[in-house]
Structures are given as structure tokens and as C-alpha cells.
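Below is start.csv, holding CSV, C-alpha atoms and all ligand atoms.
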chain,number,residue,atom,x,y,z
A,5,MET,CA,0.0,0.0,0.0
A,6,GLU,CA,1.1,3.6,-0.6
A,7,ILE,CA,1.9,5.0,2.9
A,8,ALA,CA,3.1,8.4,1.8
A,9,GLN,CA,3.3,10.1,-1.6
A,10,GLY,CA,5.4,7.8,-3.8
A,11,ILE,CA,6.3,5.4,-1.0
A,12,HIS,CA,4.8,1.9,-1.1
A,13,GLN,CA,5.0,-0.6,1.8
A,14,ILE,CA,5.3,-4.3,0.7
A,15,LYS,CA,4.7,-7.0,3.2
A,16,CYS,CA,6.9,-10.1,2.8
A,17,VAL,CA,6.1,-13.2,4.8
A,18,PHE,CA,8.8,-15.7,5.7
A,19,GLY,CA,9.6,-18.5,8.2
A,20,GLY,CA,5.9,-19.4,8.7
A,21,THR,CA,5.2,-16.7,11.3
A,22,ARG,CA,7.5,-13.8,10.5
A,23,MET,CA,7.2,-10.9,8.1
A,24,VAL,CA,9.4,-8.0,6.9
A,25,PHE,CA,8.3,-4.8,5.2
A,26,CYS,CA,10.1,-3.8,2.1
A,27,TYR,CA,9.5,-0.4,0.5
A,28,LEU,CA,9.3,0.9,-3.0
A,29,LEU,CA,9.8,4.6,-3.8
A,30,ILE,CA,8.6,5.7,-7.2
A,31,GLY,CA,9.6,9.1,-8.6
A,32,GLN,CA,9.3,10.5,-12.1
A,33,ARG,CA,13.0,10.1,-12.7
A,34,ALA,CA,14.1,7.2,-10.6
A,35,SER,CA,12.9,4.5,-8.2
A,36,MET,CA,14.2,2.7,-5.2
A,37,LEU,CA,13.5,-0.6,-3.6
A,38,VAL,CA,14.5,-0.8,0.1
A,39,ASP,CA,15.4,-4.4,1.1
A,40,THR,CA,14.6,-7.6,-0.8
A,41,GLY,CA,13.3,-9.9,2.0
A,42,CYS,CA,14.3,-13.6,1.9
A,43,ALA,CA,15.1,-15.6,-1.2
A,44,HIS,CA,11.5,-16.4,-2.0
A,45,ASN,CA,10.0,-12.9,-1.3
A,46,PRO,CA,10.7,-11.2,-4.7
A,47,GLU,CA,8.6,-13.9,-6.5
A,48,GLN,CA,6.1,-14.3,-3.7
A,49,ASP,CA,5.5,-10.6,-2.7
A,50,ILE,CA,7.6,-7.9,-4.3
A,51,LEU,CA,7.2,-8.6,-8.0
A,52,PRO,CA,3.4,-9.3,-7.7
A,53,TYR,CA,3.1,-6.0,-5.8
A,54,MET,CA,5.0,-4.1,-8.6
A,55,GLN,CA,2.7,-5.8,-11.2
A,56,SER,CA,-0.4,-4.8,-9.2
A,57,ILE,CA,0.5,-1.1,-9.4
A,58,GLY,CA,1.8,-1.3,-13.0
A,59,PHE,CA,5.4,-0.8,-12.2
A,60,ASP,CA,7.9,-2.5,-14.5
A,61,PRO,CA,10.9,-3.9,-12.5
A,62,ALA,CA,13.0,-3.3,-15.6
A,63,ASP,CA,12.6,0.4,-14.7
A,64,LEU,CA,13.9,0.0,-11.1
A,65,THR,CA,16.9,2.3,-10.6
A,66,TYR,CA,18.2,1.4,-7.1
A,67,ILE,CA,18.0,-1.4,-4.6
A,68,VAL,CA,19.2,-0.3,-1.2
A,69,ILE,CA,19.8,-3.0,1.5
A,70,THR,CA,19.3,-1.4,4.9
A,71,HIS,CA,21.6,-4.0,6.6
A,72,SER,CA,23.1,-7.4,6.6
A,73,ASP,CA,20.5,-9.9,7.7
A,74,LEU,CA,18.9,-12.8,5.9
A,75,ASP,CA,15.4,-11.3,5.8
A,76,HIS,CA,16.7,-8.1,4.2
A,77,GLN,CA,19.2,-9.4,1.7
A,78,GLY,CA,18.0,-12.9,0.9
A,79,GLY,CA,16.2,-11.8,-2.2
A,80,ASN,CA,19.1,-9.8,-3.7
A,81,GLN,CA,19.9,-12.2,-6.7
A,82,PRO,CA,16.2,-12.8,-7.6
A,83,MET,CA,15.6,-9.0,-7.5
A,84,LYS,CA,18.7,-8.3,-9.7
A,85,ASP,CA,17.4,-11.0,-12.1
A,86,ALA,CA,14.1,-9.2,-12.3
A,87,ALA,CA,15.5,-5.7,-12.3
A,88,PRO,CA,18.8,-6.0,-14.2
A,89,ASN,CA,19.2,-2.2,-14.6
A,90,ALA,CA,19.0,-1.5,-10.8
A,91,LEU,CA,22.2,-0.8,-8.9
A,92,LEU,CA,22.4,-2.9,-5.7
A,93,MET,CA,23.7,-0.8,-2.8
A,94,CYS,CA,24.4,-1.1,0.9
A,95,HIS,CA,26.7,0.6,3.5
A,96,ASN,CA,30.3,-0.2,3.1
A,97,LEU,CA,30.5,-1.7,6.6
A,98,ASP,CA,27.9,-4.3,5.9
A,99,ARG,CA,29.1,-5.3,2.4
A,100,ALA,CA,31.0,-8.4,3.3
A,101,TRP,CA,28.0,-10.0,5.1
A,102,ILE,CA,25.6,-8.9,2.3
A,103,GLU,CA,27.7,-10.6,-0.4
A,104,SER,CA,28.7,-13.8,1.3
A,105,ALA,CA,26.5,-16.4,3.1
A,106,ASP,CA,29.6,-17.9,4.8
A,107,ALA,CA,30.7,-14.5,6.1
A,108,ILE,CA,27.3,-13.7,7.6
A,109,ILE,CA,26.7,-17.2,9.0
A,110,ASN,CA,30.1,-17.3,10.7
A,111,GLY,CA,30.2,-13.7,11.7
A,112,ARG,CA,26.6,-13.2,12.8
A,113,TYR,CA,24.5,-16.3,13.3
A,114,ALA,CA,27.2,-18.7,14.5
A,115,GLN,CA,29.3,-16.1,16.4
A,116,PHE,CA,28.4,-17.4,19.9
A,117,GLY,CA,29.8,-20.9,19.7
A,118,ALA,CA,33.5,-20.7,20.6
A,119,ASP,CA,33.3,-18.0,23.3
A,120,HIS,CA,29.9,-18.8,24.8
A,121,GLY,CA,28.9,-22.4,24.0
A,122,ILE,CA,25.7,-21.2,22.2
A,123,SER,CA,26.0,-22.9,18.9
A,124,LEU,CA,24.0,-23.0,15.7
A,125,SER,CA,23.2,-26.5,14.4
A,126,GLU,CA,24.2,-27.5,10.9
A,127,GLU,CA,20.5,-27.7,10.2
A,128,GLY,CA,20.1,-24.1,11.3
A,129,LYS,CA,22.9,-23.0,9.1
A,130,ALA,CA,21.4,-24.9,6.1
A,131,GLY,CA,18.1,-23.2,6.7
A,132,ILE,CA,19.7,-19.7,6.8
A,133,ARG,CA,21.6,-20.6,3.6
A,134,ALA,CA,18.4,-21.6,1.9
A,135,ASP,CA,16.8,-18.3,2.8
A,136,MET,CA,19.4,-16.3,0.9
A,137,ARG,CA,20.3,-15.9,-2.8
A,138,LEU,CA,23.0,-13.3,-2.7
A,139,ALA,CA,24.4,-11.0,-5.4
A,140,PRO,CA,27.5,-8.8,-5.7
A,141,VAL,CA,26.9,-5.2,-4.5
A,142,ASP,CA,27.3,-2.6,-7.2
A,143,MET,CA,28.0,0.4,-5.0
A,144,THR,CA,28.5,1.1,-1.3
A,145,LEU,CA,27.3,4.0,0.8
A,146,GLU,CA,28.7,5.8,3.8
A,147,GLY,CA,25.5,7.7,4.8
A,148,GLY,CA,24.6,11.3,3.6
A,149,GLU,CA,24.2,10.4,0.0
A,150,THR,CA,21.1,11.8,-1.7
A,151,PHE,CA,19.0,10.3,-4.5
A,152,ARG,CA,17.0,12.4,-6.8
A,153,LEU,CA,13.8,10.5,-7.6
A,154,SER,CA,11.9,13.4,-9.2
A,155,GLU,CA,12.7,16.9,-10.2
A,156,ASP,CA,11.6,18.1,-6.8
A,157,TRP,CA,12.0,15.0,-4.7
A,158,GLN,CA,15.2,13.7,-3.1
A,159,VAL,CA,15.7,11.2,-0.4
A,160,SER,CA,18.9,10.6,1.6
A,161,ALA,CA,20.8,7.7,3.2
A,162,VAL,CA,21.2,8.0,7.0
A,163,HIS,CA,23.8,5.9,8.7
A,164,THR,CA,22.0,4.3,11.7
A,165,PRO,CA,24.4,1.7,13.2
A,166,GLY,CA,23.6,-0.5,16.2
A,167,HIS,CA,21.8,-3.6,14.9
A,168,THR,CA,24.7,-3.8,12.4
A,169,TRP,CA,27.7,-1.6,11.9
A,170,GLY,CA,26.5,-0.3,8.5
A,171,HIS,CA,22.8,-0.1,9.1
A,172,THR,CA,21.3,2.5,6.8
A,173,ALA,CA,17.9,4.2,6.8
A,174,ILE,CA,16.3,6.2,4.0
A,175,TYR,CA,14.8,9.6,4.9
A,176,ASP,CA,12.3,11.4,2.8
A,177,PRO,CA,12.1,15.1,3.8
A,178,ARG,CA,9.0,15.7,1.6
A,179,SER,CA,6.8,13.5,3.7
A,180,ARG,CA,9.1,13.4,6.7
A,181,THR,CA,9.1,9.6,6.4
A,182,LEU,CA,12.0,7.5,7.7
A,183,ILE,CA,12.3,4.0,6.3
A,184,SER,CA,14.1,2.8,9.3
A,185,GLY,CA,14.7,-0.9,8.8
A,186,GLU,CA,15.9,-2.1,12.2
A,187,ALA,CA,17.6,1.1,13.2
A,188,THR,CA,15.3,1.3,16.2
A,189,MET,CA,14.0,-2.0,17.5
A,190,TRP,CA,11.4,-1.3,20.3
A,191,THR,CA,11.1,-3.9,23.1
A,192,HIS,CA,10.8,-7.0,20.8
A,193,ILE,CA,10.6,-8.0,17.2
A,194,PRO,CA,7.0,-9.1,16.4
A,195,ASN,CA,5.6,-11.9,14.4
A,196,ASP,CA,3.2,-11.5,11.5
A,197,ASP,CA,0.3,-11.3,14.0
A,198,TRP,CA,2.1,-8.8,16.2
A,199,THR,CA,2.8,-11.4,19.0
A,200,PRO,CA,6.5,-11.2,20.2
A,201,ALA,CA,8.9,-13.3,18.0
A,202,MET,CA,12.2,-12.5,19.6
A,203,PRO,CA,14.0,-9.9,21.8
A,204,PRO,CA,15.4,-6.9,19.9
A,205,THR,CA,18.7,-7.9,18.3
A,206,TYR,CA,20.7,-4.7,18.7
A,207,CYS,CA,24.3,-5.7,18.8
A,208,TYR,CA,26.6,-2.7,19.2
A,209,VAL,CA,25.1,-0.8,22.1
A,210,ASP,CA,27.0,2.5,22.1
A,211,THR,CA,26.3,3.1,18.5
A,212,TYR,CA,22.7,1.9,18.9
A,213,ILE,CA,22.1,4.4,21.7
A,214,ALA,CA,23.7,7.1,19.6
A,215,THR,CA,21.4,6.2,16.7
A,216,GLN,CA,18.3,6.4,19.0
A,217,ASP,CA,19.4,9.9,20.0
A,218,ARG,CA,20.0,10.9,16.4
A,219,LEU,CA,16.6,9.6,15.3
A,220,MET,CA,14.9,11.5,18.2
A,221,SER,CA,16.5,14.7,16.9
A,222,MET,CA,15.2,14.3,13.4
A,223,SER,CA,11.8,15.5,12.0
A,224,ILE,CA,10.0,12.2,11.5
A,225,ASP,CA,6.3,12.2,11.0
A,226,LEU,CA,6.1,8.6,9.8
A,227,LEU,CA,8.4,5.8,11.0
A,228,ALA,CA,8.2,3.0,8.4
A,229,SER,CA,10.2,0.1,9.8
A,230,ALA,CA,11.0,-3.4,8.8
A,231,HIS,CA,9.0,-5.3,11.3
A,232,TRP,CA,6.8,-3.0,13.4
A,233,PRO,CA,3.5,-1.2,12.8
A,234,LEU,CA,3.7,2.2,11.2
A,235,GLN,CA,4.3,4.9,13.8
A,236,ARG,CA,3.0,8.5,13.2
A,237,GLY,CA,3.3,11.8,14.9
A,238,ALA,CA,4.1,11.7,18.7
A,239,ASP,CA,4.1,7.9,18.6
A,240,VAL,CA,7.4,8.0,16.7
A,241,GLY,CA,9.3,9.6,19.6
A,242,ALA,CA,7.7,7.3,22.1
A,243,PHE,CA,8.5,4.2,20.0
A,244,ILE,CA,12.2,5.2,19.8
A,245,ARG,CA,12.4,6.1,23.5
A,246,GLU,CA,10.9,2.8,24.5
A,247,GLY,CA,13.5,1.0,22.5
A,248,ARG,CA,16.3,3.0,23.9
A,249,ASN,CA,15.0,2.5,27.5
A,250,TYR,CA,14.7,-1.2,27.0
A,251,CYS,CA,18.3,-1.4,26.0
A,252,LEU,CA,19.4,0.5,29.0
A,253,HIS,CA,17.1,-1.6,31.2
A,254,VAL,CA,18.8,-4.8,30.0
A,255,GLU,CA,22.1,-3.1,30.9
A,256,GLY,CA,20.9,-2.3,34.4
A,257,GLN,CA,19.7,-5.9,34.9
A,258,LEU,CA,23.1,-7.2,33.9
A,259,LEU,CA,24.8,-4.9,36.4
A,260,GLU,CA,22.5,-6.1,39.2
A,261,LEU,CA,23.2,-9.7,38.3
A,262,ALA,CA,26.9,-9.0,38.3
A,263,ALA,CA,26.6,-7.5,41.8
A,264,GLN,CA,25.4,-11.0,43.0
A,265,GLN,CA,27.5,-13.4,40.9
A,266,SER,CA,29.8,-13.9,38.0
A,267,PHE,CA,28.1,-15.4,34.9
A,268,THR,CA,28.5,-16.6,31.3
A,269,LEU,CA,26.3,-15.3,28.5
A,270,ARG,CA,24.2,-18.4,28.6
A,271,GLU,CA,23.7,-18.0,32.4
A,272,ALA,CA,22.8,-14.3,32.0
A,273,ILE,CA,20.2,-15.2,29.4
A,274,ARG,CA,18.7,-18.0,31.5
A,275,GLN,CA,18.4,-15.8,34.6
A,276,LEU,CA,17.3,-12.5,33.1
A,277,ALA,CA,15.4,-13.3,29.9
A,278,PRO,CA,12.2,-14.5,31.6
A,279,ASN,CA,11.9,-11.1,33.3
A,280,LEU,CA,12.8,-9.0,30.2
A,281,GLY,CA,9.7,-9.9,28.2
A,282,GLY,CA,8.9,-13.4,29.2
A,283,TRP,CA,11.5,-15.1,27.0
A,284,THR,CA,11.8,-18.8,27.7
A,285,PRO,CA,13.7,-21.6,25.9
A,286,PRO,CA,14.2,-22.1,23.0
A,287,ASP,CA,13.5,-18.5,21.9
A,288,HIS,CA,15.6,-16.9,24.6
A,289,GLN,CA,18.8,-17.9,22.9
A,290,ASP,CA,17.9,-15.1,20.4
A,291,PHE,CA,18.8,-12.8,23.3
A,292,SER,CA,22.5,-13.6,22.7
A,293,PHE,CA,22.8,-10.7,20.3
A,294,ALA,CA,21.4,-8.0,22.5
A,295,MET,CA,22.8,-9.2,25.8
A,296,LEU,CA,26.3,-9.7,24.4
A,297,GLY,CA,26.0,-6.2,23.0
A,298,ASN,CA,25.2,-4.9,26.5
A,299,LEU,CA,28.0,-7.0,28.1
A,300,ASN,CA,30.6,-5.8,25.6
A,301,ALA,CA,29.6,-2.2,26.1
A,302,LEU,CA,29.8,-2.6,29.9
A,303,THR,CA,33.2,-4.2,29.7
A,304,LYS,CA,34.5,-1.5,27.3
A,305,ARG,CA,33.3,1.1,29.8
A,306,GLY,CA,35.2,-0.6,32.6
A,307,GLN,CA,32.1,-1.6,34.6
A,308,LEU,CA,32.5,-5.4,34.0
A,309,LYS,CA,35.6,-7.5,33.6
A,310,THR,CA,36.0,-10.8,31.8
A,311,THR,CA,37.8,-14.1,32.5
A,312,ARG,CA,37.4,-17.6,31.0
A,313,ASN,CA,36.0,-20.7,32.8
A,314,ASP,CA,37.2,-24.3,32.5
A,315,ASP,CA,35.3,-24.7,29.3
A,316,GLY,CA,37.0,-21.7,27.8
A,317,PHE,CA,33.8,-19.6,27.8
A,318,ILE,CA,33.8,-15.9,28.7
A,319,VAL,CA,32.7,-15.1,32.3
A,320,TRP,CA,31.7,-11.6,33.4
A,321,SER,CA,32.0,-10.1,36.8
A,322,LEU,CA,32.0,-6.6,38.4
A,323,ALA,CA,35.2,-4.7,37.6
B,1,ZN,ZN,14.9,-8.1,10.0

Now, as a test, write the supplied structure out as C-alpha cells.
Ligand SMILES: [Zn+2]
Amino acid sequence: MEIAQGIHQIKCVFGGTRMVFCYLLIGQRASMLVDTGCAHNPEQDILPYMQSIGFDPADLTYIVITHSDLDHQGGNQPMKDAAPNALLMCHNLDRAWIESADAIINGRYAQFGADHGISLSEEGKAGIRADMRLAPVDMTLEGGETFRLSEDWQVSAVHTPGHTWGHTAIYDPRSRTLISGEATMWTHIPNDDWTPAMPPTYCYVDTYIATQDRLMSMSIDLLASAHWPLQRGADVGAFIREGRNYCLHVEGQLLELAAQQSFTLREAIRQLAPNLGGWTPPDHQDFSFAMLGNLNALTKRGQLKTTRNDDGFIVWSLA
């Protein structure tokens, strides 16, 4: 559906219960698709939507990937096949994981094995691999680039790190819409029916908090994100603040736990996740991303220190 002048939201369903919103911006001179969903989403959702509004994918000018994650980049090759004239773009810092399944599986999804004993099964890796058909990136962004879509309509790339290093949002000053991807992640990521699917997966806390502050300083009338309901007007600031507060609340809980005992990542999740949104096994392992992000930030700031236990896993305690 068209959510603002020239901006279309396309719902893409994946994984049985999940969904991701991709966005199509159509100007008189140029057009931009933001994110491609999983491998099956171009054929299942994006191309049928384009057809329904009479947009020829051969006319697509840009494909911008907000960040490296399977549900945002998985459809890159199918979209390039359907839109061979479009330039595929992402932030320079996310390029490696957007171009390579091995790189993102090892660097992101399977990163908790050696140091934390939270491993990803071979079946899990195969599932992730099947959800992505990747393509070489044509051009990288740094944030601040502008794209003229019509004579009198430009949108710009905004570097919004936190969920990934190179996360990039698209800002339309004409409608004051921010296509925010996962720049701000609220208190959980919802399923297709808005029930909670997993904790927010912010990873790099200092940059994530800085991004929330930056977003709150922008003029945003419509927050059009990847997984959450559209936020309008005063709800935009509340949504961002709630996400920021949640991240800081997790940090406070970790410090309280550290005042009582030392712990591994697995132990911290087991003890704290039930009281941070009711997360119980197996879903609570998804908390590894956020909680490790908080723990790394606390360690970098000198509030926690690390050692290794007999299994070789990292143990945190008060500094
Ligand atoms: Zn996502």
C-alpha cells in the first residue's frame, strides 16, 4: 500500500510466522526498492506488488539494502534478475556479510559458539543458507548520499548503526518519512500477528544508543520500519524512546546480576530473559545478540571485567 506520496510498503512473509516490510519509492526520474526480503520474497510478494500497481521492475533504478540480515538481503539475486538495470547498494561496513553467506553465518549467526557455547546447528545453518540468494553489491554508501527520484524529490541515506555496523535508513524530507529498517527495535521483534517473536537484536550498544538519540533529533512524522506497525506523529518519539529505554534496562539488569555473581552469556540469558519480556527456551537464545552487546559495552566502559571458565567460555563479573 502507498503509505506516503510515492512510498509503497510491501509486506513479505517468511519463516511461517514472521514478516518483513520492504519499501518501493517511485519518482518521475528514478525509483528505489529498500530491502529484498528472503530468497522467495521477490517472487512471492515484491514482483506481484509491482505488477499490481503497473510498475515494471526493468525500470527500477536502485536497490538499497538497509543492513546485513537474511530477511533483508536474501532476495538480492532474484531481484537483480528481475531488475537488471537496478544498482544494488548497501553501506560499506555491511558489504561483506551482504555478499557472502559464509561470512554472515560465521560472523553473525554462529558467532556465539567458541566463546559462549551457544552454537548454531548444521540444520540451522542450512536453513539460513536456503533463505538467501545473494548477489555482488554494485555500489557502497557511507551515509549522507542523496538520491533524486523526481525533479523536486530527493531522499537521503542515513547511517544508523547499532543492529549492524553499517545499518542505513532512508529519509524522505518531503513526507518526513524515515524508512528505518531495524535502526530502532522497540522492546521486541513481532511476528506477522504482532505477537512477540524475539527480543530486539541490537548488537553494538554504544552506536545503537547514539542512533536512537539521532533519530529523536530528526523531524520524523512517519516511521516506516521493517517489522513494526507504522508509527505516526508523537508515537514516533515514544517508540524510539521505549526501545532506547529497553536497551538501558537490560544493561541495568546485567549490572544487578553481576553484583550478585559472575556469569557466562548463557547463564545471564537463562536468569534474566524471563523477566525481560517473558522469553523462555528455545526463543531466549535469540537474546544472545542484545545481551552480548550490552555486556561488551559494559566491559568496554570498565564496569565489568572478563575471564574464562574451565570450558573456555567468557565469564563476566563486576570490575
Ligand atoms: Zn529483519

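Distance annotation: of A:Thr215, A:Thr181, A:Asn300, A:Thr310, the residue with the minimal separation from A:Gln13 is A:Thr181; atom set is all atoms listed in the file.
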
Contacts to ligand ZN 1 (chain B) at 8 Å cut-off (only C-alpha atoms and all ligand atoms) as an NGL selection string:
:A and (24 or 73-76 or 185-186 or 230-231)

note - atom CA of A:Leu302 and atom CA of A:Val240 are separated by 28.1 Å

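Proximity to A:Glu149 was assessed for A:His95, A:Arg305, A:His192, A:Pro200 counting only C-alpha atoms; the smallest distance is recorded for A:His95.
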
Surrounding residues of A:Leu252 excluding itself and chain neighbours under 6 positions, 12 Å, only C-alpha atoms, as a PyMOL selection string:
chain A and resi 190-191+206+209-210+212-213+216+245-246+258-259+280+294-295+297-299+301-302

Since we have the selection now, will you write its residues out, keeping C-alpha atoms, as a short mmCIF file (atom, residue, chain, number, x, y, z; two decimals), keeping the file's coordinate frame?
data_model
loop_
_atom_site.label_atom_id
_atom_site.label_comp_id
_atom_site.auth_asym_id
_atom_site.auth_seq_id
_atom_site.Cartn_x
_atom_site.Cartn_y
_atom_site.Cartn_z
CA TRP A 190 11.40 -1.30 20.30
CA THR A 191 11.10 -3.90 23.10
CA TYR A 206 20.70 -4.70 18.70
CA VAL A 209 25.10 -0.80 22.10
CA ASP A 210 27.00 2.50 22.10
CA TYR A 212 22.70 1.90 18.90
CA ILE A 213 22.10 4.40 21.70
CA GLN A 216 18.30 6.40 19.00
CA ARG A 245 12.40 6.10 23.50
CA GLU A 246 10.90 2.80 24.50
CA LEU A 258 23.10 -7.20 33.90
CA LEU A 259 24.80 -4.90 36.40
CA LEU A 280 12.80 -9.00 30.20
CA ALA A 294 21.40 -8.00 22.50
CA MET A 295 22.80 -9.20 25.80
CA GLY A 297 26.00 -6.20 23.00
CA ASN A 298 25.20 -4.90 26.50
CA LEU A 299 28.00 -7.00 28.10
CA ALA A 301 29.60 -2.20 26.10
CA LEU A 302 29.80 -2.60 29.90
#

Would you give me, as a tab-separated table, each residue of stretch 227-314 of chain A having an atom within 12 Å of an atom of stretch 123-143 of chain A, along with its shortest atom pair and that distance in Å to one decimal, using all atoms listed in the file and sorting by chain and residue number?
residue	atom	partner	partner_atom	distance
A:Arg270	CA	A:Ser123	CA	10.8
A:Gln289	CA	A:Ser123	CA	9.6
A:Asp290	CA	A:Leu124	CA	11.0
A:Ser292	CA	A:Ser123	CA	10.6

Rank A:Leu153, A:Leu92, A:Leu227, A:Ala118 by their smallest atom-to-atom distance to A:Asn80, using all atoms listed in the file, and report the top residue only.
A:Leu92

Go through A:Ile174, A:Ala262, A:Val254, A:Ala100 one by one, measure the shortest atom-to-atom distance of each to A:Leu219 using only C-alpha atoms, and give the residue with the smallest value.
A:Ile174

Using only C-alpha atoms, pick whichever of A:Leu296, A:Met202, A:Ile57, A:Ile7 has the shortest atom-to-atom distance to A:Thr284.
A:Met202

A:Thr199, A:Ser266, A:Ser35, A:Thr144: which is nearest A:Phe59, counting only C-alpha atoms?
A:Ser35

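When atom CA of A:Ile122 is paired with atom CA of A:Leu269, their separation reads 8.7 Å.
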
Can you rebuild stretch 127-149 of chain A with N, CA, C and O atoms and give it as an mmCIF file, in the coordinates of the input?
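Saved file part.cif follows:
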data_model
loop_
_atom_site.group_PDB
_atom_site.id
_atom_site.type_symbol
_atom_site.label_atom_id
_atom_site.label_comp_id
_atom_site.auth_asym_id
_atom_site.auth_seq_id
_atom_site.Cartn_x
_atom_site.Cartn_y
_atom_site.Cartn_z
ATOM 1 N N GLU A 127 21.800 -27.878 10.743
ATOM 2 C CA GLU A 127 20.500 -27.700 10.200
ATOM 3 C C GLU A 127 20.056 -26.251 10.136
ATOM 4 O O GLU A 127 19.505 -25.753 9.160
ATOM 5 N N GLY A 128 20.372 -25.551 11.245
ATOM 6 C CA GLY A 128 20.100 -24.100 11.300
ATOM 7 C C GLY A 128 20.841 -23.344 10.258
ATOM 8 O O GLY A 128 20.288 -22.452 9.603
ATOM 9 N N LYS A 129 22.125 -23.706 10.104
ATOM 10 C CA LYS A 129 22.900 -23.000 9.100
ATOM 11 C C LYS A 129 22.375 -23.284 7.681
ATOM 12 O O LYS A 129 22.305 -22.375 6.848
ATOM 13 N N ALA A 130 21.960 -24.511 7.435
ATOM 14 C CA ALA A 130 21.400 -24.900 6.100
ATOM 15 C C ALA A 130 20.138 -24.074 5.839
ATOM 16 O O ALA A 130 19.899 -23.626 4.713
ATOM 17 N N GLY A 131 19.325 -23.914 6.883
ATOM 18 C CA GLY A 131 18.100 -23.200 6.700
ATOM 19 C C GLY A 131 18.355 -21.700 6.365
ATOM 20 O O GLY A 131 17.695 -21.121 5.500
ATOM 21 N N ILE A 132 19.348 -21.108 7.046
ATOM 22 C CA ILE A 132 19.700 -19.700 6.800
ATOM 23 C C ILE A 132 20.243 -19.597 5.330
ATOM 24 O O ILE A 132 19.885 -18.675 4.591
ATOM 25 N N ARG A 133 21.074 -20.577 4.963
ATOM 26 C CA ARG A 133 21.600 -20.600 3.600
ATOM 27 C C ARG A 133 20.525 -20.611 2.554
ATOM 28 O O ARG A 133 20.571 -19.895 1.553
ATOM 29 N N ALA A 134 19.514 -21.431 2.830
ATOM 30 C CA ALA A 134 18.400 -21.600 1.900
ATOM 31 C C ALA A 134 17.558 -20.340 1.738
ATOM 32 O O ALA A 134 16.906 -20.135 0.720
ATOM 33 N N ASP A 135 17.572 -19.523 2.777
ATOM 34 C CA ASP A 135 16.800 -18.300 2.800
ATOM 35 C C ASP A 135 17.423 -17.161 1.995
ATOM 36 O O ASP A 135 16.841 -16.087 1.861
ATOM 37 N N MET A 136 18.672 -17.362 1.559
ATOM 38 C CA MET A 136 19.400 -16.300 0.900
ATOM 39 C C MET A 136 19.889 -16.664 -0.478
ATOM 40 O O MET A 136 20.493 -17.713 -0.648
ATOM 41 N N ARG A 137 19.625 -15.791 -1.448
ATOM 42 C CA ARG A 137 20.300 -15.900 -2.800
ATOM 43 C C ARG A 137 20.961 -14.561 -2.993
ATOM 44 O O ARG A 137 20.318 -13.583 -3.362
ATOM 45 N N LEU A 138 22.260 -14.533 -2.744
ATOM 46 C CA LEU A 138 23.000 -13.300 -2.700
ATOM 47 C C LEU A 138 23.583 -12.862 -4.003
ATOM 48 O O LEU A 138 23.731 -13.678 -4.903
ATOM 49 N N ALA A 139 23.911 -11.578 -4.117
ATOM 50 C CA ALA A 139 24.400 -11.000 -5.400
ATOM 51 C C ALA A 139 25.544 -10.032 -5.033
ATOM 52 O O ALA A 139 25.549 -9.458 -3.939
ATOM 53 N N PRO A 140 26.484 -9.806 -5.952
ATOM 54 C CA PRO A 140 27.500 -8.800 -5.700
ATOM 55 C C PRO A 140 26.878 -7.400 -5.584
ATOM 56 O O PRO A 140 25.927 -7.086 -6.291
ATOM 57 N N VAL A 141 27.422 -6.616 -4.662
ATOM 58 C CA VAL A 141 26.900 -5.200 -4.500
ATOM 59 C C VAL A 141 27.591 -4.343 -5.505
ATOM 60 O O VAL A 141 28.785 -4.419 -5.747
ATOM 61 N N ASP A 142 26.783 -3.481 -6.125
ATOM 62 C CA ASP A 142 27.300 -2.600 -7.200
ATOM 63 C C ASP A 142 27.985 -1.359 -6.637
ATOM 64 O O ASP A 142 28.913 -0.835 -7.247
ATOM 65 N N MET A 143 27.488 -0.860 -5.522
ATOM 66 C CA MET A 143 28.000 0.400 -5.000
ATOM 67 C C MET A 143 27.754 0.484 -3.533
ATOM 68 O O MET A 143 26.732 0.014 -3.043
ATOM 69 N N THR A 144 28.722 1.033 -2.794
ATOM 70 C CA THR A 144 28.500 1.100 -1.300
ATOM 71 C C THR A 144 28.325 2.577 -0.923
ATOM 72 O O THR A 144 28.739 3.517 -1.594
ATOM 73 N N LEU A 145 27.637 2.711 0.222
ATOM 74 C CA LEU A 145 27.300 4.000 0.800
ATOM 75 C C LEU A 145 28.001 4.242 2.075
ATOM 76 O O LEU A 145 28.488 3.306 2.700
ATOM 77 N N GLU A 146 28.060 5.490 2.507
ATOM 78 C CA GLU A 146 28.700 5.800 3.800
ATOM 79 C C GLU A 146 27.628 6.561 4.682
ATOM 80 O O GLU A 146 27.882 6.838 5.846
ATOM 81 N N GLY A 147 26.493 6.905 4.098
ATOM 82 C CA GLY A 147 25.500 7.700 4.800
ATOM 83 C C GLY A 147 25.682 9.180 4.336
ATOM 84 O O GLY A 147 26.804 9.659 4.155
ATOM 85 N N GLY A 148 24.555 9.880 4.118
ATOM 86 C CA GLY A 148 24.600 11.300 3.600
ATOM 87 C C GLY A 148 24.371 11.394 2.149
ATOM 88 O O GLY A 148 24.158 12.513 1.672
ATOM 89 N N GLU A 149 24.396 10.273 1.416
ATOM 90 C CA GLU A 149 24.200 10.400 0.000
ATOM 91 C C GLU A 149 22.688 10.750 -0.287
ATOM 92 O O GLU A 149 21.796 10.378 0.464
#
